[in-house]
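Student: There's a structure below that I have some questions on.
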Amino acid sequence: MSGNILVLNAGSSSIKYAVFSEDLSVLTSGIAAEIGGASFLERDGERRLSPFIDHQSALRAIIKTLEDAGYPSSDLRAAGHRVVHGGRKLVAPARVNDDVIAEIQSCTPLAPLHNPHNLSAILSLQSLAPDLPQFVSFDTAFHATNPDVATRYAIPRMMETKGIRRYGFHGLSYASLVECLPEVSRTALPSRLLAFHLGNGASVAAIKNGKSVATTMGYSPLDGLTMGTRSGGIDANAVLRLVEENGLERTKSILNHESGLLGLSGGKSDMRKLMLDPSADSAFAIEHFCYWTVRHAGSLIAAMEGVDAVAFTGGIGENATRVRAEICRSLEWLGVVLDPDRNTKNAARLHADSSTVGVFLVPAEEERMIARDALALLDAA
């Protein structure tokens with residue numbers, strides 16, 4: 001048996017996969033996408049059309065593809081899964097057993113668009129490779145260290161006991177950032193770190209001594225920053241009015257799939273397309289994204305009582321030089337000084353020598369974090 005780890009990230013219509021070696025190098029990776037529609041399977045950039053009626057058939061094709069490529073399930077040491085919501089109880093990586101499966105299932109009302117697909121991949125793999133140990137890492141777990149004052153909504157306790165509280169998301173990305181930043185910066189992890197995960201989904205986290213103390217997403221990934229298609233923060237009474245006028249399901253669609261950059265620009269949710277578009281609407285959408293990112297950042301800086309370093313990750317955070325420049329310009333009062341050349345080159349170190357606050361770019365490595373979690377649990381057993 002090899003020491004290789006299979007990592008699966010199941011979404012509503014896709015399953016991303018990667019095989020990692022014991023030293024956490026990617027050996028092969030790909031995706032089964034458009035499940036239930038014009039589906040295809042891709043491995044290492046090579047794509048072929050393949051009909052998948054459900055996640056189990058897609059996973060069966062992934063296992064067969066990996067076997068043909070020399071990575072049979074019988075040779076794998078373990079599999080690791082991303083699970084979006086762990087609720088109150090699942091706040092650390094865990095080995096899959098009946099109790100863990102039941103708890104993931106119980107969190108379905110908290111993440112109805114995600115947890116069922118995450119669980120489907122776990123159960124499907126159990127049937128396809130019953131002897132393969134499986135592990136789960138949770139996107140909410142990193143923020144379990146937030147104090148109660150940060151997670152409790154000011155609502156009656158009866159509502160809070162039903163799970164209506166702030167959880168925070170993008171936890172695997174932030175956990176990976178904490179692991180990788182010392183290697184990127186070649187210095188110790190900053191005591192007070194302001195971390196931006198900017199992509200189609202976007203959030204900011206206040207990380208103090210390696211632990212999350214506050215973040216912008218709340219009960220769901222809808223809250224906080226302006227995002228690709230999500231509204232971000234919006235007054236609850238405005239939401240109630242939308243429900244009154246449009247109904248519940250239509251309002252869900254408006255806020256989650258038709259708002260954010262898409263709604264502001266009149267049709268564009270991709271930051272790359274927005275930056276290439278000279279229209280006033282696209283310019284305003286970018287301005288709105290940056291403004292609310294910085295405005296929320298100020299709240300998180302207050303939660304940490306200062307900041308020692310800033311880090312960017314995610315698709316926008318890693319690639320949108322204009323967005324990083326605008327955010328850093330708005331943080332100059334803190335002592336942030338961006339080096340324009342380093343920013344243009346997407347360098348690991350983005351700050352100028354005169355900056356009193358470090359600014360770094362850290363590639364998002366959520367799948368590698370899942371593999372790292374699985375290996376750590378295996379080695380501890």
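Scheme for the structure tokens: letters A, B, ... for chains in order shown; per-chain residue numbers from 1; ligand numbers from 1 in order shown.
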As JSON, numbers by chain, please: the residues near segment 329-338 of chain A (cut-off 12 Å, only C-alpha atoms, same-chain neighbours under 5 positions excluded).
Tutor: {"A": [194, 287, 290, 291, 292, 293, 294, 295, 296, 297, 298, 301, 302, 306, 307, 308, 309, 310, 311, 321, 322, 323, 324, 343, 344, 346, 347, 349, 350, 351, 352, 353, 354, 355, 356, 357, 358, 359, 360, 361]}
Student: Quick one: residues within 6 Å of segment 175-181 of chain A, only C-alpha atoms, excluding same-chain residues fewer than 4 positions away - as a VMD selection string?
Tutor: chain A and resid 171 185 369
Student: Could you list, as an MDAnalysis selection string, every residue within 12 Å of Ser25 of chain A, counting only C-alpha atoms and ignoring same-chain residues fewer than 6 positions away?
Tutor: chainID A and resid 3:6 18:19 365 367:369 371:372
Student: Might you pull out every residue within 12 Å of Ala94 of chain A, with only C-alpha atoms counted and same-chain residues fewer than 2 positions away left off, and present them as an NGL selection string?
Tutor: :A and (79-83 or 86 or 89-92 or 96-101 or 103-104 or 133-138 or 141 or 370 or 373-378 or 380-381)
Student: Might you pull out every residue within 12 Å of Ile53 of chain A, with only C-alpha atoms counted and same-chain residues fewer than 3 positions away left off, and present them as a list in words?
Tutor: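 Neighbouring residues, sequence-local ones excluded: Ser13, Ser14, Ala32, Ala33, Glu34, Ile35, Gly36, Gly37, Ala38, Ser39, Phe40, Ser50, Gln56, Ser57, Ala58, Leu59, Arg60 and Ala61 of chain A.
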Student: Quick one: residues within 10 Å of Met217 of chain A, only C-alpha atoms counted, chain neighbours fewer than 2 positions away excluded, as a list of chain:residue names?
Tutor: A:Arg166, A:Tyr167, A:Gly168, A:Phe169, A:His170, A:Gly201, A:Ala202, A:Ser203, A:Val204, A:Ala205, A:Ala214, A:Thr215, A:Tyr219, A:Ser220, A:Pro221, A:Leu222, A:Asp223, A:Gly224, A:Leu225, A:Gly232, A:Gly233
Student: Keeping C-alpha atoms for every residue in the selection just given, could you write it to a file as a CSV table (one decimal), in the first residue's frame?
Tutor:
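Written out: out.csv:
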```csv
chain,number,residue,atom,x,y,z
A,166,ARG,CA,-22.5,32.9,13.3
A,167,TYR,CA,-20.3,30.1,12.1
A,168,GLY,CA,-18.0,31.5,9.4
A,169,PHE,CA,-16.7,29.7,6.3
A,170,HIS,CA,-13.6,29.4,4.1
A,201,GLY,CA,-17.2,33.8,-2.5
A,202,ALA,CA,-15.3,36.2,-0.4
A,203,SER,CA,-14.6,36.7,3.3
A,204,VAL,CA,-12.1,38.3,5.7
A,205,ALA,CA,-10.8,36.7,8.9
A,214,ALA,CA,-13.7,37.0,14.0
A,215,THR,CA,-14.8,36.6,10.4
A,219,TYR,CA,-24.9,31.8,9.8
A,220,SER,CA,-24.4,31.2,6.0
A,221,PRO,CA,-21.9,32.2,3.3
A,222,LEU,CA,-24.3,35.0,2.3
A,223,ASP,CA,-23.2,37.5,4.9
A,224,GLY,CA,-20.3,40.0,4.8
A,225,LEU,CA,-18.5,41.2,1.7
A,232,GLY,CA,-23.2,40.2,1.2
A,233,GLY,CA,-24.5,42.0,4.3
```
Student: Quick one: of A:Ala69, A:Leu255, A:Leu128, A:Ala320, who's nearest to Leu276 of chain A, counting only C-alpha atoms?
Tutor: A:Ala320
Student: May I have all residues of segment 75-308 of chain A that DSSP, computed from the backbone, assigns to strand (DSSP E or B), given as a PDB file with C-alpha atoms, in the first residue's frame?
Tutor:
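Output contents, as saved in states-v7.pdb:
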```pdb
ATOM      1  CA  ALA A  78      -6.904   7.057   2.914  1.00  0.00           C
ATOM      2  CA  ALA A  79      -9.407   9.489   1.449  1.00  0.00           C
ATOM      3  CA  GLY A  80     -10.139  12.989   2.733  1.00  0.00           C
ATOM      4  CA  HIS A  81     -13.300  15.002   2.118  1.00  0.00           C
ATOM      5  CA  ARG A  82     -14.270  18.644   2.384  1.00  0.00           C
ATOM      6  CA  VAL A  83     -17.503  19.077   4.316  1.00  0.00           C
ATOM      7  CA  ALA A  94     -12.311  13.530  12.074  1.00  0.00           C
ATOM      8  CA  ARG A  95     -12.244   9.948  10.874  1.00  0.00           C
ATOM      9  CA  GLN A 134     -12.051   8.128   5.173  1.00  0.00           C
ATOM     10  CA  PHE A 135     -11.539  11.471   6.909  1.00  0.00           C
ATOM     11  CA  VAL A 136     -13.433  14.747   6.882  1.00  0.00           C
ATOM     12  CA  SER A 137     -12.324  18.361   7.243  1.00  0.00           C
ATOM     13  CA  PHE A 138     -14.873  21.081   7.887  1.00  0.00           C
ATOM     14  CA  ARG A 192      -2.356  39.711  14.419  1.00  0.00           C
ATOM     15  CA  LEU A 193      -3.103  38.650  10.854  1.00  0.00           C
ATOM     16  CA  LEU A 194      -5.786  40.120   8.614  1.00  0.00           C
ATOM     17  CA  ALA A 195      -6.555  37.446   6.017  1.00  0.00           C
ATOM     18  CA  PHE A 196      -8.510  38.130   2.820  1.00  0.00           C
ATOM     19  CA  HIS A 197     -10.027  35.143   0.996  1.00  0.00           C
ATOM     20  CA  LEU A 198     -11.294  36.863  -2.134  1.00  0.00           C
ATOM     21  CA  ALA A 202     -15.327  36.239  -0.382  1.00  0.00           C
ATOM     22  CA  SER A 203     -14.620  36.749   3.284  1.00  0.00           C
ATOM     23  CA  VAL A 204     -12.081  38.254   5.667  1.00  0.00           C
ATOM     24  CA  ALA A 205     -10.837  36.735   8.924  1.00  0.00           C
ATOM     25  CA  ALA A 206      -9.103  38.150  11.982  1.00  0.00           C
ATOM     26  CA  ILE A 207      -6.473  35.604  13.030  1.00  0.00           C
ATOM     27  CA  LYS A 208      -4.767  36.194  16.363  1.00  0.00           C
ATOM     28  CA  LYS A 211      -6.590  31.287  15.830  1.00  0.00           C
ATOM     29  CA  SER A 212      -9.660  32.839  14.257  1.00  0.00           C
ATOM     30  CA  VAL A 213     -11.266  35.440  16.522  1.00  0.00           C
ATOM     31  CA  ALA A 214     -13.709  37.000  14.026  1.00  0.00           C
ATOM     32  CA  THR A 215     -14.818  36.642  10.416  1.00  0.00           C
TER      33      THR A 215
END
```
Student: With DSSP run on the backbone, what are the alpha helix (DSSP H) residues within segment 244-378 of chain A? I'd like them as a PyMOL selection string.
Tutor: chain A and resi 244-246+248-257+260-265+271-276+280-304+314-319+321-330+340-344+366-378
Student: Please compute the atom CA of Pro182 of chain A-atom CA of Ile327 of chain A distance, one decimal, in Å.
Tutor: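 So the two atoms, atom CA of Pro182 of chain A and atom CA of Ile327 of chain A, lie 22.5 Å apart.
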